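Report on the following structure.
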Amino acid sequence: MRNYLQRKLLGMLPLLLLVSAAAFALVRLMPGDAATAYLNAMNAPITEAALQKVQKDLGLDKPVAVQYGIWLKQALSLDFGLSYMTKRPVIDELMRGFYYTAVLTGSAVVWIIVFSLPLGILAGRHPGSFMDQIIRAMTFLGSSIPSFWLGFLLVEFFSLRLKLLPVQGAGTLKHILLPSITLACSYLAMYTKMLRGGIVEHSGRTYVLYARARGLKKKTILWRHILPNALNPVLTSLGLSLGSMLSGAVIVENVFAWPGMGRVIVHAVAGRDYPVIQGYILVIAAVYIVLNLGVDILCAMLNPGIFTEEET
Amino acid sequence: MKKRIMTLALLVAAVLLISGCSTGQTMTNASKDRQVRAGEEADGQKETEEDVLVLAYPKDLGDMNPHTMTSPMYAQDWVYDGLTALVNGEIVPELAESWEISGDGKQYIFHLRKGVKFSDGSDLTAELVSKNIQDVIDNKEGYTFLQCLEEITSMEVPDKDTLVMHLAHPCNSLLSDLSFNRPLVIAGEAAFPDSGSIYRDGVKKPIGTGMWTVKEVVQDQYTLFARNPYYWGEKPSFSYVRVEVIPEIETVINALKAGEIDMYIDVNDGLSADVYRELEGLGFSVDMAEGTQVTSLSLNTAGEILGDVSVRQALSWATDNTVISEMVYGGLQKPASSYFADSISLAQTGADRYDCQPKKAIQLLEEAGWKLEEGRDYRTKDGAELEVDMLYDTVFKNGKTIGLVLQEQYKNVGVKLNICEEDSQIFRKKWKEGDFGMILYRSWGGSYEPFATLAAMRTDGDKFSTVQKGMENKEELDRVMSHALRETNEEKLREDFAYIMDSFFEQAVYIPLTVSSTLAVYNSSLEGPDLEGGKDVMPVGSVKRKQ
């Protein structure tokens, strides 16, 4: 286990370095440059002299490799510099939004676990049954509804008609229900489908036949043998989804005026705020990698054979 | 195994729920903070929840720098005052109670309103007014549209209530420039950083003499404004205004329906006529006032195709802006007749106007050599198709719909219109560099018209000047516009404007589309805002609860 973790953690470093270089390069490939955006934000005329002054002030006059070196050195101590637009530390800008996005994503994961696990098992245990048909229809519906539309539908029903939940904002626990359900919906459908498929597939495997022949109870076969195998791809995929949920929550955040990372990055991109965009990509990448590591560990806990397989 | 899976699932759920709950806890506290309830004080009086007016605005408060454009205009207007103000198209006294202008127009003596205090209780002095204006003058490269910054040579403070400005030349725009809600507004001493420049180093505290003060800011969520206890003018009825940050108009409408906000003033034309009327039908109060911003197309006079004045005139004849007024804005925005709104009297010179006559457009294009071949939709000349790019900023609501209407109108005369949406940075860059066919844009309006616009148009390198670059009389036009900024004789000034407006018409530089409206929808328990002040400033001072 320790070797496994060490290997995974060491593997993260070159990956993060690569991401940081890619983020730095990609940001500079965007059309429109930061110096012009900066002058636009200040409503200053864009003259050659003004551009040169701003480029010097922002350190953009140095070779790109030098800029990257300086930025990377600072980034190692979590200092991503100051936002060009707000003049506040990038880390503060990101963490303010990240906190809310993490709460939103975390709550969505709760919905995914609470609903996709029983629904997937229910459908997978009796494939072709009436219940299976209903659940499958629901998953198709859930994965085809655009999230912003679902958000407005939920608001119409729960906020405007029943007057149970607030339309927008981030004030209380009540505020988080509709955004998190909206964010979770398509993922929930996907994981229910995936889990159902896994259970159906593994139910037909020979090891299940042998288990039956050994006289094991149906429930024991399901919980001890089928589910751990069926859950592995679900958990791995959930790890990947978490990253995209964090970065893709922007639509849901907009619909519910949720003050998350989405708003921070949209403003940063519009204003060509290089330090914020770079910091954002790096933070999301780091979270992505850590989450995947967490999922790998979770899978290994469910199926300890993974350690031995990887170590041999 | 069952146990292990269940334990894991419960563990994850529990951790996340706990994080949610703890968040909920802190957020609940924040929520309590945002509710200004009984016990809070404004003007030294206990207030109740009824005293909070809740509005929505799509963006955050920004840095509240009074000398830059980095905060929403409404917030700067609420917190800071200038020496003058624009009310119903007239320049009226604000912090200056009166002024005298010397015979040669080169000296202005401002007498400050007596007894005015900043929101921190400090006194307004002429010294401080001078310090604020000097900060903007020192950074005037940011404001090419403010002619007065070029002209002010020095300021004197004979006593604490008098400010004397000396100008190099007479300046027609001085009083209107001073009425803008930025950058020539006055902040208190406590607002200045140690360096002495708010423009460069930011505002220390947003202290002004305006009707409201910033009480609390929760970034990306809301700003709470409290009534300025020292406000010199008529005090507003509400003690507090909370402005929620809500980017999506649909969410704003839902929040209004749910009673989470009291009022919405449509700052960026996001409110469609259908929704406006639906809300009226639902019992909400609605108000509308004609604005001063004009949406128009600016044609690239130096462009490859539109460099030909015949093509520009043809497009002007082919445009039917009544269709845009009806189809895009449901009649809420009137068709415009010139680049400047009708309320700008100087610009009403009687210059000719293009009304919709597609036959004339076809004739002009034929004469210019653009022929429509059999079986083709669009005209060609020397093998090249007659196509024009219409560029607009992604933040411009209805840009695409307007483009689609125009696309159809221009197709009828054989011109292909490409609708090009760009993000703000690229839009401005292309505009400035002349990389466009036509620009869809809404004019500044308010006290920026007409002088600030003229100042920008005659400044080489400014994007407003780029549009006119290919005009055959551009040099003379720049001279006349500069002259108009300094001419004090009204008759001569009108002659200048006649020349400017005639040039715009003859060379078909602008195609006016619609005049903006200021729309407000609000809870029927309120008495409405005075919308004449314009939507950008969200004038809520007169709003009160019905008895």
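Letters A, B, ... go to the chains of the structure tokens in the order shown; residues in each chain start at 1; ligands are counted from 1 in the same order.
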Asp273 of chain A: which residues within 8 Å, counting only C-alpha atoms, same-chain residues fewer than 4 positions away excluded, as number ranges by chain? A: 34, 83-85, 268-269, 277
Based on the selection just made, write N, CA and C atoms of those residues as a PDB file, in the first residue's frame.
ATOM      1  N   ALA A  34      -2.770  40.578 -22.836  1.00  0.00           N
ATOM      2  CA  ALA A  34      -3.090  41.081 -21.504  1.00  0.00           C
ATOM      3  C   ALA A  34      -2.874  42.585 -21.385  1.00  0.00           C
ATOM      4  N   SER A  83      -3.861  39.532  -9.432  1.00  0.00           N
ATOM      5  CA  SER A  83      -4.763  39.614 -10.580  1.00  0.00           C
ATOM      6  C   SER A  83      -4.536  40.955 -11.283  1.00  0.00           C
ATOM      7  N   TYR A  84      -4.451  40.918 -12.615  1.00  0.00           N
ATOM      8  CA  TYR A  84      -4.278  42.162 -13.364  1.00  0.00           C
ATOM      9  C   TYR A  84      -5.479  43.086 -13.163  1.00  0.00           C
ATOM     10  N   MET A  85      -6.638  42.489 -13.049  1.00  0.00           N
ATOM     11  CA  MET A  85      -7.864  43.278 -13.022  1.00  0.00           C
ATOM     12  C   MET A  85      -8.191  43.823 -11.631  1.00  0.00           C
ATOM     13  N   ALA A 268     -12.065  36.409 -15.670  1.00  0.00           N
ATOM     14  CA  ALA A 268     -10.626  36.396 -15.940  1.00  0.00           C
ATOM     15  C   ALA A 268     -10.370  36.210 -17.436  1.00  0.00           C
ATOM     16  N   VAL A 269     -11.112  35.315 -18.063  1.00  0.00           N
ATOM     17  CA  VAL A 269     -10.907  35.079 -19.499  1.00  0.00           C
ATOM     18  C   VAL A 269     -11.309  36.326 -20.287  1.00  0.00           C
ATOM     19  N   ILE A 277      -6.059  33.021 -14.837  1.00  0.00           N
ATOM     20  CA  ILE A 277      -6.360  31.870 -15.716  1.00  0.00           C
ATOM     21  C   ILE A 277      -5.344  30.745 -15.466  1.00  0.00           C
TER      22      ILE A 277
END
Could you pull out the alpha helix (DSSP H) residues of segment 19-119 of chain A from DSSP and send them as a PyMOL selection string? chain A and resi 19-29+34-41+48-57+64-76+90-119
Tell me which protein, DNA and RNA residues are within 9 Å of Val214 of chain B, counting only C-alpha atoms, leaving out same-chain ones fewer than 6 positions away, and put them as a ChimeraX atom specification. /B:75,79,206-207,223-227
If we count only C-alpha atoms, what is near Gly369 of chain B at a cut-off of 10 Å, once residues fewer than 6 positions away on the same chain are taken out, given as a PyMOL selection string? chain B and resi 379-382
Do me a favour and pick out the residues of chain A within 6 Å of chain B, using only C-alpha atoms, as a VMD selection string. chain A and resid 32 43 to 45 106 110 160 167 171 to 173 223 to 224 257 259
Residues as selected, N, CA, C and O atoms, written as a JSON list (two decimals), in the first residue's frame, can you do that?
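This went into out_28.json:
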[["chain", "number", "residue", "atom", "x", "y", "z"],
["A", 32, "GLY", "N", -5.90, 38.19, -28.45],
["A", 32, "GLY", "CA", -5.98, 39.38, -27.56],
["A", 32, "GLY", "C", -4.92, 39.24, -26.49],
["A", 32, "GLY", "O", -4.71, 38.15, -25.98],
["A", 43, "ASN", "N", -9.64, 51.92, -19.23],
["A", 43, "ASN", "CA", -10.17, 52.88, -20.20],
["A", 43, "ASN", "C", -9.08, 53.83, -20.70],
["A", 43, "ASN", "O", -9.31, 54.99, -20.97],
["A", 44, "ALA", "N", -7.87, 53.30, -20.77],
["A", 44, "ALA", "CA", -6.75, 54.12, -21.24],
["A", 44, "ALA", "C", -6.57, 53.91, -22.73],
["A", 44, "ALA", "O", -6.80, 52.82, -23.23],
["A", 45, "PRO", "N", -6.13, 54.93, -23.46],
["A", 45, "PRO", "CA", -5.91, 54.75, -24.89],
["A", 45, "PRO", "C", -4.77, 53.78, -25.14],
["A", 45, "PRO", "O", -3.78, 53.78, -24.40],
["A", 106, "GLY", "N", -19.47, 18.93, -4.08],
["A", 106, "GLY", "CA", -19.57, 17.93, -3.02],
["A", 106, "GLY", "C", -21.02, 17.53, -2.78],
["A", 106, "GLY", "O", -21.35, 16.34, -2.64],
["A", 110, "VAL", "N", -23.03, 13.85, -3.27],
["A", 110, "VAL", "CA", -23.92, 13.20, -2.29],
["A", 110, "VAL", "C", -25.17, 12.69, -3.01],
["A", 110, "VAL", "O", -25.58, 11.54, -2.83],
["A", 160, "LEU", "N", -41.04, 28.98, -7.33],
["A", 160, "LEU", "CA", -42.12, 29.90, -7.67],
["A", 160, "LEU", "C", -43.50, 29.33, -7.34],
["A", 160, "LEU", "O", -44.38, 30.05, -6.89],
["A", 167, "VAL", "N", -34.64, 31.13, -5.07],
["A", 167, "VAL", "CA", -34.32, 31.13, -6.51],
["A", 167, "VAL", "C", -32.81, 31.22, -6.73],
["A", 167, "VAL", "O", -32.25, 30.57, -7.60],
["A", 171, "GLY", "N", -26.99, 31.53, 0.65],
["A", 171, "GLY", "CA", -27.16, 31.97, 2.02],
["A", 171, "GLY", "C", -27.24, 30.83, 3.01],
["A", 171, "GLY", "O", -26.49, 30.80, 3.99],
["A", 172, "THR", "N", -28.09, 29.88, 2.76],
["A", 172, "THR", "CA", -28.31, 28.82, 3.73],
["A", 172, "THR", "C", -28.22, 27.45, 3.04],
["A", 172, "THR", "O", -27.98, 27.38, 1.84],
["A", 173, "LEU", "N", -28.42, 26.41, 3.82],
["A", 173, "LEU", "CA", -28.41, 25.05, 3.27],
["A", 173, "LEU", "C", -29.49, 24.90, 2.19],
["A", 173, "LEU", "O", -29.33, 24.18, 1.23],
["A", 223, "TRP", "N", -23.43, -8.53, -3.11],
["A", 223, "TRP", "CA", -22.65, -7.57, -2.32],
["A", 223, "TRP", "C", -21.17, -7.91, -2.26],
["A", 223, "TRP", "O", -20.33, -7.02, -2.25],
["A", 224, "ARG", "N", -20.86, -9.24, -2.23],
["A", 224, "ARG", "CA", -19.45, -9.61, -2.07],
["A", 224, "ARG", "C", -18.71, -9.75, -3.39],
["A", 224, "ARG", "O", -17.51, -9.51, -3.46],
["A", 257, "ALA", "N", -27.06, 32.08, -9.67],
["A", 257, "ALA", "CA", -26.24, 33.16, -9.14],
["A", 257, "ALA", "C", -25.38, 32.65, -7.97],
["A", 257, "ALA", "O", -25.27, 33.29, -6.93],
["A", 259, "PRO", "N", -21.95, 31.97, -6.24],
["A", 259, "PRO", "CA", -20.68, 32.70, -6.40],
["A", 259, "PRO", "C", -19.45, 31.80, -6.48],
["A", 259, "PRO", "O", -18.53, 31.93, -5.68]]
Using only C-alpha atoms, determine which residues lie at most 9 Å from Glu449 of chain B, disregarding the query and same-chain residues fewer than 5 positions distant; provide the list as a count of residues only. 9
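Within 9 Å of segment 146-153 of chain A, once only C-alpha atoms are used and residues closer than 3 positions along the same chain are dropped, the contacting residues are Gly142, Ser143, Glu156, Phe157, Phe158, Leu178, Pro179, Ile181, Thr182, Leu183, Cys185, Ser186, Ile251, Val252, Asn254, Val255 and Phe256 of chain A; Glu250, Thr251 and Asn254 of chain B.
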Preceding selection exported with all heavy atoms as a compact mmCIF listing (two decimals), in the first residue's frame:
# COMPACT_ATOMS: atom_id res chain seq x y z
N GLY A 142 -32.79 11.92 -17.75
CA GLY A 142 -31.85 12.70 -16.92
C GLY A 142 -30.61 13.12 -17.67
O GLY A 142 -30.11 14.24 -17.51
N SER A 143 -30.11 12.21 -18.53
CA SER A 143 -28.87 12.58 -19.23
C SER A 143 -29.14 13.44 -20.46
O SER A 143 -28.21 14.00 -21.03
CB SER A 143 -28.06 11.33 -19.60
OG SER A 143 -28.90 10.39 -20.19
N GLU A 156 -38.88 26.94 -11.21
CA GLU A 156 -40.30 27.20 -11.48
C GLU A 156 -41.18 26.41 -10.50
O GLU A 156 -42.12 26.93 -9.92
CB GLU A 156 -40.61 26.80 -12.93
CG GLU A 156 -42.06 26.90 -13.35
CD GLU A 156 -42.55 28.35 -13.42
OE1 GLU A 156 -41.72 29.22 -13.69
OE2 GLU A 156 -43.76 28.58 -13.16
N PHE A 157 -40.80 25.13 -10.31
CA PHE A 157 -41.65 24.26 -9.48
C PHE A 157 -41.43 24.49 -7.98
O PHE A 157 -42.37 24.77 -7.24
CB PHE A 157 -41.36 22.81 -9.86
CG PHE A 157 -42.35 21.85 -9.24
CD1 PHE A 157 -43.67 21.80 -9.68
CD2 PHE A 157 -41.96 20.99 -8.22
CE1 PHE A 157 -44.58 20.93 -9.10
CE2 PHE A 157 -42.86 20.12 -7.64
CZ PHE A 157 -44.16 20.08 -8.08
N PHE A 158 -40.18 24.39 -7.55
CA PHE A 158 -39.92 24.44 -6.11
C PHE A 158 -39.88 25.86 -5.52
O PHE A 158 -40.19 26.04 -4.36
CB PHE A 158 -38.60 23.73 -5.78
CG PHE A 158 -38.68 22.23 -5.95
CD1 PHE A 158 -38.14 21.63 -7.06
CD2 PHE A 158 -39.33 21.44 -5.01
CE1 PHE A 158 -38.22 20.26 -7.23
CE2 PHE A 158 -39.41 20.07 -5.17
CZ PHE A 158 -38.86 19.48 -6.28
N LEU A 178 -31.24 23.14 -4.91
CA LEU A 178 -31.55 23.15 -6.34
C LEU A 178 -30.29 23.15 -7.22
O LEU A 178 -30.21 22.37 -8.17
CB LEU A 178 -32.46 24.33 -6.69
CG LEU A 178 -33.88 24.26 -6.11
CD1 LEU A 178 -34.72 25.42 -6.62
CD2 LEU A 178 -34.56 22.95 -6.44
N PRO A 179 -29.29 24.00 -6.92
CA PRO A 179 -28.10 23.93 -7.77
C PRO A 179 -27.42 22.56 -7.75
O PRO A 179 -26.99 22.07 -8.79
CB PRO A 179 -27.16 24.98 -7.17
CG PRO A 179 -27.98 25.84 -6.31
CD PRO A 179 -29.21 25.09 -5.94
N ILE A 181 -28.75 19.60 -7.12
CA ILE A 181 -29.56 18.59 -7.85
C ILE A 181 -29.38 18.80 -9.36
O ILE A 181 -29.21 17.86 -10.12
CB ILE A 181 -31.05 18.69 -7.46
CG1 ILE A 181 -31.23 18.26 -6.01
CG2 ILE A 181 -31.92 17.84 -8.38
CD1 ILE A 181 -32.62 18.52 -5.45
N THR A 182 -29.39 20.06 -9.76
CA THR A 182 -29.23 20.36 -11.20
C THR A 182 -27.89 19.85 -11.70
O THR A 182 -27.81 19.23 -12.76
CB THR A 182 -29.31 21.89 -11.42
OG1 THR A 182 -30.50 22.37 -10.81
CG2 THR A 182 -29.32 22.24 -12.88
N LEU A 183 -26.85 20.12 -10.91
CA LEU A 183 -25.51 19.69 -11.33
C LEU A 183 -25.41 18.16 -11.34
O LEU A 183 -24.78 17.56 -12.21
CB LEU A 183 -24.45 20.28 -10.39
CG LEU A 183 -23.00 19.99 -10.72
CD1 LEU A 183 -22.62 20.59 -12.08
CD2 LEU A 183 -22.06 20.56 -9.65
N CYS A 185 -27.80 15.90 -11.78
CA CYS A 185 -28.78 15.14 -12.56
C CYS A 185 -28.18 14.29 -13.68
O CYS A 185 -28.39 13.08 -13.74
CB CYS A 185 -29.84 16.09 -13.11
SG CYS A 185 -31.18 15.18 -13.87
N SER A 186 -27.41 14.92 -14.56
CA SER A 186 -26.93 14.14 -15.72
C SER A 186 -25.91 13.09 -15.27
O SER A 186 -25.87 11.98 -15.82
CB SER A 186 -26.34 15.07 -16.77
OG SER A 186 -25.29 15.78 -16.19
N ILE A 251 -22.26 26.82 -15.67
CA ILE A 251 -23.62 27.07 -16.15
C ILE A 251 -24.61 27.06 -14.98
O ILE A 251 -25.44 27.95 -14.83
CB ILE A 251 -24.02 26.02 -17.21
CG1 ILE A 251 -23.11 26.16 -18.42
CG2 ILE A 251 -25.47 26.15 -17.62
CD1 ILE A 251 -23.23 25.06 -19.44
N VAL A 252 -24.45 26.04 -14.14
CA VAL A 252 -25.34 25.94 -12.99
C VAL A 252 -25.13 27.15 -12.06
O VAL A 252 -26.09 27.72 -11.53
CB VAL A 252 -25.09 24.61 -12.23
CG1 VAL A 252 -25.93 24.52 -10.98
CG2 VAL A 252 -25.37 23.44 -13.14
N ASN A 254 -24.27 30.10 -12.87
CA ASN A 254 -24.90 31.28 -13.47
C ASN A 254 -26.41 31.26 -13.26
O ASN A 254 -27.00 32.29 -12.93
CB ASN A 254 -24.60 31.33 -14.97
CG ASN A 254 -23.66 32.45 -15.30
OD1 ASN A 254 -23.19 33.16 -14.40
ND2 ASN A 254 -23.38 32.64 -16.56
N VAL A 255 -27.01 30.10 -13.47
CA VAL A 255 -28.47 29.98 -13.35
C VAL A 255 -28.92 30.34 -11.94
O VAL A 255 -29.95 30.99 -11.75
CB VAL A 255 -28.93 28.56 -13.73
CG1 VAL A 255 -30.38 28.32 -13.33
CG2 VAL A 255 -28.76 28.33 -15.23
N PHE A 256 -28.13 29.92 -10.94
CA PHE A 256 -28.55 30.13 -9.55
C PHE A 256 -27.78 31.28 -8.87
O PHE A 256 -27.83 31.41 -7.65
CB PHE A 256 -28.38 28.84 -8.75
CG PHE A 256 -29.32 27.76 -9.19
CD1 PHE A 256 -28.92 26.79 -10.09
CD2 PHE A 256 -30.63 27.73 -8.75
CE1 PHE A 256 -29.78 25.80 -10.53
CE2 PHE A 256 -31.51 26.75 -9.17
CZ PHE A 256 -31.09 25.78 -10.07
N GLU B 250 -32.82 35.75 -16.64
CA GLU B 250 -33.91 34.83 -16.29
C GLU B 250 -33.95 34.64 -14.77
O GLU B 250 -35.02 34.54 -14.17
CB GLU B 250 -33.71 33.45 -16.96
CG GLU B 250 -33.94 33.44 -18.46
CD GLU B 250 -32.72 33.91 -19.25
OE1 GLU B 250 -31.68 34.21 -18.62
OE2 GLU B 250 -32.83 34.03 -20.48
N THR B 251 -32.78 34.56 -14.16
CA THR B 251 -32.71 34.40 -12.71
C THR B 251 -33.23 35.66 -12.01
O THR B 251 -33.91 35.57 -10.98
CB THR B 251 -31.25 34.10 -12.27
OG1 THR B 251 -30.74 33.09 -13.11
CG2 THR B 251 -31.18 33.66 -10.83
N ASN B 254 -36.99 35.52 -12.13
CA ASN B 254 -37.50 34.55 -11.15
C ASN B 254 -37.37 35.09 -9.72
O ASN B 254 -38.26 34.89 -8.90
CB ASN B 254 -36.75 33.22 -11.28
CG ASN B 254 -37.21 32.43 -12.49
OD1 ASN B 254 -38.35 32.59 -12.95
ND2 ASN B 254 -36.35 31.60 -13.04
Kindly indicate which residue among A:Leu222, A:Arg205, A:Ile112, A:Leu117 lies nearest to Tyr187 of chain A, using only C-alpha atoms for the distances. A:Ile112
